[in-house]
file model.cif (mmCIF, C-alpha atoms)
data_model
#
loop_
_atom_site.label_atom_id
_atom_site.label_comp_id
_atom_site.auth_asym_id
_atom_site.auth_seq_id
_atom_site.Cartn_x
_atom_site.Cartn_y
_atom_site.Cartn_z
CA MET A 241 120.99 106.63 104.91
CA LYS A 242 118.99 103.90 106.54
CA VAL A 243 117.70 100.44 105.82
CA ARG A 244 114.04 99.92 105.04
CA TYR A 245 112.13 96.71 104.49
CA LYS A 246 108.87 94.89 104.25
CA VAL A 247 108.48 91.42 105.65
CA TRP A 248 105.59 88.98 105.46
CA LEU A 249 104.66 85.30 105.70
CA ASP A 250 103.89 83.42 102.53
CA ASN A 251 102.04 80.19 101.84
CA ASP A 252 101.40 80.13 98.08
CA GLY A 253 100.62 83.82 98.38
CA LYS A 254 100.67 86.32 101.22
CA ALA A 255 99.54 84.57 104.38
CA PHE A 256 100.22 87.20 107.06
CA GLY A 257 101.94 90.54 107.50
CA ASP A 258 101.82 93.94 109.16
CA GLY A 259 98.46 94.91 107.67
CA PRO A 260 96.57 91.78 108.79
CA TYR A 261 98.31 92.00 112.16
CA GLU A 262 97.12 95.58 112.70
CA LEU A 263 93.63 94.70 111.55
CA LEU A 264 93.41 91.78 113.99
CA LYS A 265 94.72 94.00 116.78
CA GLN A 266 91.91 96.45 116.06
CA VAL A 267 89.35 93.63 115.99
CA ASP A 268 90.68 92.50 119.35
CA GLU A 269 90.27 96.00 120.78
CA THR A 270 86.94 96.92 119.23
CA HIS A 271 85.32 93.46 118.99
CA SER A 272 84.11 94.50 115.56
CA LEU A 273 85.54 94.04 112.08
CA HIS A 274 83.47 97.05 111.02
CA ARG A 275 85.14 99.31 113.57
CA ALA A 276 88.54 97.71 112.99
CA ALA A 277 88.35 98.42 109.26
CA LYS A 278 87.22 101.98 109.97
CA GLU A 279 90.16 102.56 112.32
CA MET A 280 92.51 101.44 109.54
CA GLY A 281 90.78 103.61 106.91
CA MET A 282 89.90 100.42 105.04
CA ALA A 283 86.57 99.52 103.42
CA TYR A 284 84.73 96.79 105.34
CA SER A 285 84.51 94.66 102.19
CA LYS A 286 88.27 94.91 101.70
CA ALA A 287 88.93 93.99 105.34
CA TRP A 288 86.62 91.01 104.98
CA ARG A 289 88.34 89.85 101.77
CA LEU A 290 91.76 90.32 103.39
CA ILE A 291 90.81 88.18 106.39
CA GLY A 292 89.32 85.54 104.08
CA ALA A 293 92.45 85.38 101.92
CA MET A 294 94.71 85.02 104.99
CA GLU A 295 92.46 82.34 106.52
CA LYS A 296 92.61 80.36 103.30
CA ARG A 297 96.40 80.48 103.15
CA LEU A 298 96.87 79.83 106.87
CA GLY A 299 94.31 77.03 106.96
CA PHE A 300 92.42 78.25 110.03
CA LEU A 301 89.94 80.94 111.05
CA LEU A 302 91.23 84.29 112.29
CA ILE A 303 88.00 85.82 113.52
CA GLU A 304 84.70 84.39 114.68
CA ARG A 305 81.35 86.01 114.70
CA LYS A 306 79.72 86.48 118.09
CA VAL A 307 75.98 86.40 117.49
CA GLY A 308 73.31 88.26 119.45
CA GLY A 309 73.45 89.17 123.13
CA LEU A 310 72.85 92.61 124.59
CA SER A 311 75.63 94.12 122.49
CA GLY A 312 74.13 92.70 119.31
CA GLY A 313 77.09 90.50 118.36
CA GLY A 314 80.47 91.39 116.92
CA SER A 315 83.77 89.79 115.97
CA LEU A 316 86.36 88.06 118.11
CA VAL A 317 89.92 87.01 117.37
CA THR A 318 90.22 83.20 117.51
CA PRO A 319 92.75 81.56 119.88
CA ARG A 320 94.84 80.47 116.86
CA ALA A 321 94.85 84.00 115.52
CA ARG A 322 96.00 85.24 118.92
CA ASN A 323 98.78 82.66 118.91
CA LEU A 324 99.82 83.79 115.44
CA MET A 325 99.71 87.46 116.49
CA ASN A 326 101.95 86.76 119.48
CA HIS A 327 104.47 84.88 117.37
CA TYR A 328 104.37 87.47 114.62
CA GLU A 329 104.88 90.32 117.08
CA ARG A 330 108.05 88.76 118.50
CA PHE A 331 109.27 87.77 115.04
CA ARG A 332 108.70 91.33 113.81
CA LYS A 333 110.70 92.91 116.63
CA ASP A 334 113.58 90.49 116.10
CA ALA A 335 113.51 91.08 112.34
CA GLU A 336 113.73 94.84 112.89
CA LYS A 337 116.62 94.55 115.33
CA GLY A 338 118.38 91.95 113.17
CA LEU A 339 118.15 93.92 109.94
CA GLU A 340 119.29 97.11 111.64
CA LYS A 341 122.32 95.26 113.00
CA ILE A 342 123.14 93.70 109.63
CA TYR A 343 122.81 97.08 107.95
CA ARG A 344 125.18 98.69 110.45
CA LYS A 345 127.68 95.86 110.05
CA HIS A 346 127.96 96.53 106.33
CA PHE A 347 127.40 100.25 106.05
CA ASP A 348 128.53 101.89 109.29
CA ASP A 349 132.09 102.57 108.12
CA ILE A 350 130.77 104.06 104.91
CA GLU A 351 128.30 106.25 106.79
CA ARG A 352 131.28 107.59 108.74
CA LYS A 353 133.90 107.87 106.01
CA GLY A 354 131.69 108.44 102.99
CA TRP A 355 131.72 106.59 99.67
CA LYS A 356 135.01 106.16 97.85
CA MET B 4 105.00 78.58 105.16
CA LYS B 5 108.02 80.76 104.58
CA VAL B 6 109.23 84.27 105.25
CA ARG B 7 109.39 86.76 102.40
CA TYR B 8 110.72 90.29 102.37
CA LYS B 9 111.90 93.27 100.46
CA VAL B 10 114.81 95.32 101.65
CA TRP B 11 116.25 98.58 100.36
CA LEU B 12 118.34 101.60 101.31
CA ASP B 13 116.62 104.90 101.89
CA ASN B 14 117.84 108.48 101.91
CA ASP B 15 114.71 110.66 101.79
CA GLY B 16 113.37 108.16 99.25
CA LYS B 17 114.62 104.89 97.79
CA ALA B 18 118.38 105.19 97.36
CA PHE B 19 119.35 101.62 96.39
CA GLY B 20 117.87 98.15 96.21
CA ASP B 21 117.73 94.89 94.27
CA GLY B 22 116.50 96.51 91.03
CA PRO B 23 119.26 99.13 90.81
CA TYR B 24 121.80 96.50 91.87
CA GLU B 25 120.77 94.17 89.04
CA LEU B 26 120.75 97.02 86.55
CA LEU B 27 124.28 98.08 87.52
CA LYS B 28 125.44 94.48 87.31
CA GLN B 29 124.12 94.33 83.75
CA VAL B 30 125.80 97.64 82.90
CA ASP B 31 129.03 96.22 84.27
CA GLU B 32 128.69 93.14 82.06
CA THR B 33 127.45 94.78 78.88
CA HIS B 34 129.13 98.21 79.20
CA SER B 35 125.87 99.68 77.99
CA LEU B 36 122.83 101.05 79.80
CA HIS B 37 120.83 100.29 76.65
CA ARG B 38 121.71 96.61 76.72
CA ALA B 39 121.41 96.49 80.53
CA ALA B 40 117.86 97.87 80.38
CA LYS B 41 116.99 95.43 77.59
CA GLU B 42 118.30 92.48 79.64
CA MET B 43 116.01 93.57 82.48
CA GLY B 44 112.99 94.06 80.21
CA MET B 45 113.00 97.72 81.16
CA ALA B 46 112.58 100.75 78.90
CA TYR B 47 115.82 102.69 78.43
CA SER B 48 114.14 105.90 79.60
CA LYS B 49 113.01 104.18 82.79
CA ALA B 50 116.47 102.77 83.45
CA TRP B 51 117.93 106.22 82.94
CA ARG B 52 115.43 107.84 85.33
CA LEU B 53 116.05 105.11 87.89
CA ILE B 54 119.83 105.66 87.80
CA GLY B 55 119.30 109.43 88.01
CA ALA B 56 117.01 109.13 91.05
CA MET B 57 119.45 106.83 92.86
CA GLU B 58 122.41 109.12 92.06
CA LYS B 59 120.54 112.09 93.48
CA ARG B 60 119.75 110.29 96.74
CA LEU B 61 123.19 108.73 97.07
CA GLY B 62 125.00 111.94 96.21
CA PHE B 63 127.39 110.45 93.64
CA LEU B 64 127.40 109.11 90.08
CA LEU B 65 126.70 105.43 89.46
CA ILE B 66 127.57 105.22 85.78
CA GLU B 67 129.78 107.26 83.50
CA ARG B 68 129.58 107.62 79.79
CA LYS B 69 132.55 106.38 77.79
CA VAL B 70 132.66 108.50 74.64
CA GLY B 71 133.93 107.43 71.22
CA GLY B 72 136.63 104.89 70.51
CA LEU B 73 136.33 101.92 68.16
CA SER B 74 133.36 100.55 70.04
CA GLY B 75 131.52 103.88 69.77
CA GLY B 76 131.30 104.54 73.51
CA GLY B 77 129.12 102.98 76.17
CA SER B 78 128.50 103.10 79.92
CA LEU B 79 130.75 102.11 82.80
CA VAL B 80 130.04 101.56 86.47
CA THR B 81 131.91 104.16 88.58
CA PRO B 82 134.33 103.03 91.33
CA ARG B 83 131.91 104.33 93.97
CA ALA B 84 129.07 102.38 92.40
CA ARG B 85 131.25 99.27 92.44
CA ASN B 86 132.02 99.87 96.10
CA LEU B 87 128.29 100.25 96.83
CA MET B 88 127.50 97.09 94.84
CA ASN B 89 130.06 95.09 96.81
CA HIS B 90 128.72 96.32 100.13
CA TYR B 91 125.12 95.80 99.08
CA GLU B 92 125.82 92.26 97.87
CA ARG B 93 127.27 91.22 101.21
CA PHE B 94 124.55 93.07 103.13
CA ARG B 95 121.90 91.33 101.02
CA LYS B 96 123.30 87.85 101.69
CA ASP B 97 123.50 88.52 105.42
CA ALA B 98 119.97 89.95 105.47
CA GLU B 99 118.64 86.82 103.77
CA LYS B 100 120.42 84.47 106.17
CA GLY B 101 119.50 86.61 109.18
CA LEU B 102 115.81 86.85 108.38
CA GLU B 103 115.59 83.13 107.63
CA LYS B 104 117.16 82.40 111.00
CA ILE B 105 114.85 84.80 112.84
CA TYR B 106 111.85 83.28 111.09
CA ARG B 107 112.88 79.77 112.10
CA LYS B 108 113.47 80.88 115.67
CA HIS B 109 109.89 82.06 115.99
CA PHE B 110 107.97 79.71 113.70
CA ASP B 111 109.84 76.41 113.55
CA ASP B 112 107.94 74.81 116.43
CA ILE B 113 104.65 75.89 114.87
CA GLU B 114 105.66 74.53 111.47
CA ARG B 115 106.24 71.19 113.17
CA LYS B 116 103.31 71.07 115.61
CA GLY B 117 100.78 73.17 113.73
CA TRP B 118 98.76 76.13 115.01
CA LYS B 119 96.87 75.75 118.25
#

call {"tool": "encode", "arguments": {"input": "model.cif", "output": "C-alpha cells"}}
result
Amino acid sequence: MKVRYKVWLDNDGKAFGDGPYELLKQVDETHSLHRAAKEMGMAYSKAWRLIGAMEKRLGFLLIERKVGGLSGGGSLVTPRARNLMNHYERFRKDAEKGLEKIYRKHFDDIERKGWK
Amino acid sequence: MKVRYKVWLDNDGKAFGDGPYELLKQVDETHSLHRAAKEMGMAYSKAWRLIGAMEKRLGFLLIERKVGGLSGGGSLVTPRARNLMNHYERFRKDAEKGLEKIYRKHFDDIERKGWK
C-alpha cells in the first residue's frame, strides 16, 4: 500500500498546481505556448484558457507575448511566474516528503504486521 | 491563497480515502449500509460497489452483515475496518497539519509581501 495525493493552490478556485506548473515549464523551454501545449498533449485553446484562469486567480500575468523579431515572436514566462514556479517546486518536494513521512508514521507497523 | 489537497491510500487502485471513511463512519452509527448511503446522498448500489472495491484492494472485509434478530439485521463495521478507520483518522489529521505547515513555510512571505 502507498499514499497518493493531489495538491494545489486555491484562491476562490484553483490558482496553481502541477498541470499549470508543467505547462509553464514547457513554455519556458520552448518559448511558445503552442509548442508547450503540444508537448503536454493539450489543445492550444485549453492551454490558453488554463493560463487565463490561473492569472485571474493569482492576480498577475504568467506569460507575456514576445512580438516580432527574426524568430517571429513567441511566449515568455514572466518574472512573477518564475518566482511562483520556484516556490511551487520547493513546496511540492517538501509536500511529497512530508506526506510520505506522515504515511509511514501511521501505517508502517501495519504494513509490517498486517491488519488485525 | 490557501493550499488544498486530496489524499488517499492506493493498492493497485484506490484502497481507502475520505469517502470510504465517511461511509464506514455512517455504517458504524446507523448499523445499516442503506441508511449510511442515504446519509451520504449516495445510491445503495454505489455504496455497495465502493465497499466491495475497497475490500478487494485492502484484502479484508470492511462490513459484515448481521442477520435476523428483533431489528431484522443490518451492517456492522468489522474490527479490521475499525482499526483502519482509527489509523486513517490520525493520518488524515497529521496530513492536514503537515501540509498546512509546509505551505506556510514556502508561501507565507509571499502572502505578506505579494508576488514580485

call {"tool": "calpha_fit_and_write", "arguments": {"input": "model.cif", "fixed": "chain A", "moving": "chain B", "output": "compact mmCIF listing (two decimals) with C-alpha atoms, keeping the file's coordinate frame"}}
result
# COMPACT_ATOMS: atom_id res chain seq x y z
CA MET B 4 120.98 106.65 104.92
CA LYS B 5 118.97 103.90 106.54
CA VAL B 6 117.71 100.42 105.81
CA ARG B 7 114.04 99.90 105.03
CA TYR B 8 112.14 96.69 104.47
CA LYS B 9 108.89 94.87 104.24
CA VAL B 10 108.49 91.41 105.64
CA TRP B 11 105.61 88.96 105.44
CA LEU B 12 104.68 85.29 105.68
CA ASP B 13 103.90 83.39 102.52
CA ASN B 14 102.04 80.17 101.83
CA ASP B 15 101.41 80.10 98.07
CA GLY B 16 100.60 83.81 98.39
CA LYS B 17 100.67 86.34 101.22
CA ALA B 18 99.55 84.55 104.38
CA PHE B 19 100.24 87.19 107.06
CA GLY B 20 101.95 90.53 107.48
CA ASP B 21 101.82 93.94 109.15
CA GLY B 22 98.44 94.90 107.63
CA PRO B 23 96.58 91.78 108.77
CA TYR B 24 98.33 92.00 112.14
CA GLU B 25 97.13 95.58 112.68
CA LEU B 26 93.64 94.70 111.53
CA LEU B 27 93.41 91.78 113.98
CA LYS B 28 94.74 93.99 116.76
CA GLN B 29 91.93 96.45 116.05
CA VAL B 30 89.37 93.64 115.99
CA ASP B 31 90.71 92.49 119.34
CA GLU B 32 90.29 95.99 120.77
CA THR B 33 86.96 96.92 119.23
CA HIS B 34 85.35 93.45 118.98
CA SER B 35 84.14 94.49 115.56
CA LEU B 36 85.55 94.03 112.07
CA HIS B 37 83.49 97.07 111.04
CA ARG B 38 85.14 99.33 113.58
CA ALA B 39 88.56 97.70 112.99
CA ALA B 40 88.35 98.44 109.25
CA LYS B 41 87.21 102.00 109.97
CA GLU B 42 90.17 102.55 112.34
CA MET B 43 92.49 101.45 109.52
CA GLY B 44 90.77 103.62 106.90
CA MET B 45 89.87 100.46 105.03
CA ALA B 46 86.55 99.52 103.42
CA TYR B 47 84.71 96.80 105.34
CA SER B 48 84.49 94.66 102.20
CA LYS B 49 88.25 94.91 101.72
CA ALA B 50 88.93 93.99 105.34
CA TRP B 51 86.63 91.01 104.98
CA ARG B 52 88.34 89.84 101.77
CA LEU B 53 91.75 90.31 103.38
CA ILE B 54 90.80 88.17 106.40
CA GLY B 55 89.30 85.54 104.08
CA ALA B 56 92.44 85.36 101.92
CA MET B 57 94.71 85.03 104.97
CA GLU B 58 92.46 82.33 106.51
CA LYS B 59 92.59 80.34 103.29
CA ARG B 60 96.40 80.45 103.14
CA LEU B 61 96.86 79.82 106.85
CA GLY B 62 94.32 77.02 106.95
CA PHE B 63 92.41 78.24 110.01
CA LEU B 64 89.95 80.95 111.04
CA LEU B 65 91.25 84.29 112.29
CA ILE B 66 88.02 85.82 113.53
CA GLU B 67 84.72 84.39 114.69
CA ARG B 68 81.37 86.02 114.73
CA LYS B 69 79.74 86.51 118.11
CA VAL B 70 75.99 86.43 117.50
CA GLY B 71 73.32 88.28 119.48
CA GLY B 72 73.47 89.22 123.13
CA LEU B 73 72.87 92.69 124.56
CA SER B 74 75.63 94.18 122.46
CA GLY B 75 74.12 92.73 119.27
CA GLY B 76 77.09 90.53 118.37
CA GLY B 77 80.48 91.41 116.96
CA SER B 78 83.78 89.79 115.98
CA LEU B 79 86.38 88.06 118.11
CA VAL B 80 89.94 87.02 117.39
CA THR B 81 90.25 83.20 117.52
CA PRO B 82 92.78 81.55 119.89
CA ARG B 83 94.85 80.45 116.88
CA ALA B 84 94.86 83.99 115.53
CA ARG B 85 96.00 85.23 118.93
CA ASN B 86 98.77 82.65 118.93
CA LEU B 87 99.83 83.77 115.43
CA MET B 88 99.71 87.44 116.49
CA ASN B 89 101.95 86.74 119.48
CA HIS B 90 104.47 84.86 117.38
CA TYR B 91 104.38 87.45 114.62
CA GLU B 92 104.88 90.31 117.07
CA ARG B 93 108.04 88.77 118.49
CA PHE B 94 109.27 87.76 115.03
CA ARG B 95 108.68 91.31 113.80
CA LYS B 96 110.68 92.89 116.64
CA ASP B 97 113.57 90.49 116.10
CA ALA B 98 113.50 91.07 112.34
CA GLU B 99 113.71 94.83 112.88
CA LYS B 100 116.62 94.55 115.32
CA GLY B 101 118.37 91.95 113.17
CA LEU B 102 118.16 93.90 109.94
CA GLU B 103 119.29 97.11 111.64
CA LYS B 104 122.31 95.27 113.00
CA ILE B 105 123.14 93.70 109.64
CA TYR B 106 122.82 97.08 107.96
CA ARG B 107 125.18 98.69 110.46
CA LYS B 108 127.66 95.86 110.06
CA HIS B 109 127.96 96.52 106.35
CA PHE B 110 127.39 100.27 106.06
CA ASP B 111 128.51 101.89 109.31
CA ASP B 112 132.07 102.56 108.14
CA ILE B 113 130.73 104.07 104.92
CA GLU B 114 128.26 106.25 106.81
CA ARG B 115 131.21 107.61 108.77
CA LYS B 116 133.86 107.89 106.03
CA GLY B 117 131.64 108.45 103.01
CA TRP B 118 131.69 106.61 99.68
CA LYS B 119 134.98 106.20 97.89

call {"tool": "resolve_selection", "arguments": {"input": "model.cif", "expression": "the PyMOL selection byres ((chain B) within 7 of (chain A))", "output": "CSV table (one decimal) with C-alpha atoms, in the coordinates of the input"}}
result
chain,number,residue,atom,x,y,z
B,4,MET,CA,105.0,78.6,105.2
B,5,LYS,CA,108.0,80.8,104.6
B,6,VAL,CA,109.2,84.3,105.2
B,7,ARG,CA,109.4,86.8,102.4
B,8,TYR,CA,110.7,90.3,102.4
B,9,LYS,CA,111.9,93.3,100.5
B,10,VAL,CA,114.8,95.3,101.6
B,11,TRP,CA,116.2,98.6,100.4
B,12,LEU,CA,118.3,101.6,101.3
B,13,ASP,CA,116.6,104.9,101.9
B,14,ASN,CA,117.8,108.5,101.9
B,83,ARG,CA,131.9,104.3,94.0
B,90,HIS,CA,128.7,96.3,100.1
B,94,PHE,CA,124.6,93.1,103.1
B,97,ASP,CA,123.5,88.5,105.4
B,98,ALA,CA,120.0,90.0,105.5
B,101,GLY,CA,119.5,86.6,109.2
B,102,LEU,CA,115.8,86.8,108.4
B,105,ILE,CA,114.8,84.8,112.8
B,106,TYR,CA,111.8,83.3,111.1
B,109,HIS,CA,109.9,82.1,116.0
B,118,TRP,CA,98.8,76.1,115.0
B,119,LYS,CA,96.9,75.8,118.2

call {"tool": "closest_residue", "arguments": {"input": "model.cif", "among": "B:Ala39, B:Ser48, B:Ser78, B:Lys100", "to": "B:Leu65", "atoms": "all atoms listed in the file"}}
result
B:Ser78

call {"tool": "atom_distance", "arguments": {"input": "model.cif", "atom1": "atom CA of A:Lys278", "atom2": "atom CA of A:Gln266"}}
result
9.5 Å

call {"tool": "resolve_selection", "arguments": {"input": "model.cif", "expression": "the PyMOL selection byres ((chain B and resi 35) around 10)", "output": "ChimeraX atom specification"}}
result
/B:27,29-34,36-41,66,68-69,76-80

call {"tool": "atom_distance", "arguments": {"input": "model.cif", "atom1": "atom CA of A:Lys286", "atom2": "atom CA of A:Gly259"}}
result
11.8 Å

call {"tool": "atom_distance", "arguments": {"input": "model.cif", "atom1": "atom CA of B:Glu25", "atom2": "atom CA of B:Met57"}}
result
13.3 Å

call {"tool": "axis_aligned_box", "arguments": {"input": "model.cif", "around": "stretch 62-71 of chain B", "padding_each_side": "4 Å", "output": "AutoDock Vina command-line options"}}
result
--center_x 129.5 --center_y 108.6 --center_z 83.7 --size_x 16.9 --size_y 14.7 --size_z 33.0

call {"tool": "build_atoms", "arguments": {"input": "model.cif", "residues": "stretch 329-342 of chain A", "atoms": "N, CA, C and O atoms", "output": "PDB file, keeping the file's coordinate frame"}}
result
ATOM      1  N   GLU A 329     104.391  89.130 116.384  1.00  0.00           N
ATOM      2  CA  GLU A 329     104.880  90.320 117.080  1.00  0.00           C
ATOM      3  C   GLU A 329     106.345  90.158 117.495  1.00  0.00           C
ATOM      4  O   GLU A 329     107.163  91.058 117.283  1.00  0.00           O
ATOM      5  N   ARG A 330     106.665  89.007 118.071  1.00  0.00           N
ATOM      6  CA  ARG A 330     108.050  88.760 118.500  1.00  0.00           C
ATOM      7  C   ARG A 330     108.981  88.632 117.300  1.00  0.00           C
ATOM      8  O   ARG A 330     110.093  89.152 117.301  1.00  0.00           O
ATOM      9  N   PHE A 331     108.490  87.918 116.276  1.00  0.00           N
ATOM     10  CA  PHE A 331     109.270  87.770 115.040  1.00  0.00           C
ATOM     11  C   PHE A 331     109.596  89.142 114.437  1.00  0.00           C
ATOM     12  O   PHE A 331     110.731  89.431 114.051  1.00  0.00           O
ATOM     13  N   ARG A 332     108.597  89.990 114.398  1.00  0.00           N
ATOM     14  CA  ARG A 332     108.700  91.330 113.810  1.00  0.00           C
ATOM     15  C   ARG A 332     109.753  92.180 114.512  1.00  0.00           C
ATOM     16  O   ARG A 332     110.547  92.871 113.864  1.00  0.00           O
ATOM     17  N   LYS A 333     109.728  92.130 115.844  1.00  0.00           N
ATOM     18  CA  LYS A 333     110.700  92.910 116.630  1.00  0.00           C
ATOM     19  C   LYS A 333     112.112  92.399 116.381  1.00  0.00           C
ATOM     20  O   LYS A 333     113.037  93.186 116.224  1.00  0.00           O
ATOM     21  N   ASP A 334     112.264  91.076 116.365  1.00  0.00           N
ATOM     22  CA  ASP A 334     113.580  90.490 116.100  1.00  0.00           C
ATOM     23  C   ASP A 334     114.065  90.825 114.693  1.00  0.00           C
ATOM     24  O   ASP A 334     115.244  91.091 114.478  1.00  0.00           O
ATOM     25  N   ALA A 335     113.155  90.786 113.737  1.00  0.00           N
ATOM     26  CA  ALA A 335     113.510  91.080 112.340  1.00  0.00           C
ATOM     27  C   ALA A 335     114.001  92.520 112.244  1.00  0.00           C
ATOM     28  O   ALA A 335     115.010  92.804 111.576  1.00  0.00           O
ATOM     29  N   GLU A 336     113.330  93.435 112.923  1.00  0.00           N
ATOM     30  CA  GLU A 336     113.730  94.840 112.890  1.00  0.00           C
ATOM     31  C   GLU A 336     115.126  95.017 113.482  1.00  0.00           C
ATOM     32  O   GLU A 336     116.001  95.640 112.866  1.00  0.00           O
ATOM     33  N   LYS A 337     115.316  94.441 114.672  1.00  0.00           N
ATOM     34  CA  LYS A 337     116.620  94.550 115.330  1.00  0.00           C
ATOM     35  C   LYS A 337     117.708  93.892 114.477  1.00  0.00           C
ATOM     36  O   LYS A 337     118.791  94.442 114.310  1.00  0.00           O
ATOM     37  N   GLY A 338     117.403  92.703 113.956  1.00  0.00           N
ATOM     38  CA  GLY A 338     118.380  91.950 113.170  1.00  0.00           C
ATOM     39  C   GLY A 338     118.803  92.693 111.915  1.00  0.00           C
ATOM     40  O   GLY A 338     119.995  92.815 111.626  1.00  0.00           O
ATOM     41  N   LEU A 339     117.826  93.225 111.185  1.00  0.00           N
ATOM     42  CA  LEU A 339     118.150  93.920 109.940  1.00  0.00           C
ATOM     43  C   LEU A 339     118.939  95.202 110.206  1.00  0.00           C
ATOM     44  O   LEU A 339     119.857  95.545 109.456  1.00  0.00           O
ATOM     45  N   GLU A 340     118.581  95.885 111.275  1.00  0.00           N
ATOM     46  CA  GLU A 340     119.290  97.110 111.640  1.00  0.00           C
ATOM     47  C   GLU A 340     120.759  96.784 111.938  1.00  0.00           C
ATOM     48  O   GLU A 340     121.666  97.496 111.494  1.00  0.00           O
ATOM     49  N   LYS A 341     120.956  95.696 112.641  1.00  0.00           N
ATOM     50  CA  LYS A 341     122.320  95.260 113.000  1.00  0.00           C
ATOM     51  C   LYS A 341     123.115  94.870 111.750  1.00  0.00           C
ATOM     52  O   LYS A 341     124.283  95.234 111.613  1.00  0.00           O
ATOM     53  N   ILE A 342     122.483  94.130 110.867  1.00  0.00           N
ATOM     54  CA  ILE A 342     123.140  93.700 109.630  1.00  0.00           C
ATOM     55  C   ILE A 342     123.479  94.915 108.755  1.00  0.00           C
ATOM     56  O   ILE A 342     124.545  95.004 108.165  1.00  0.00           O
TER      57      ILE A 342
END
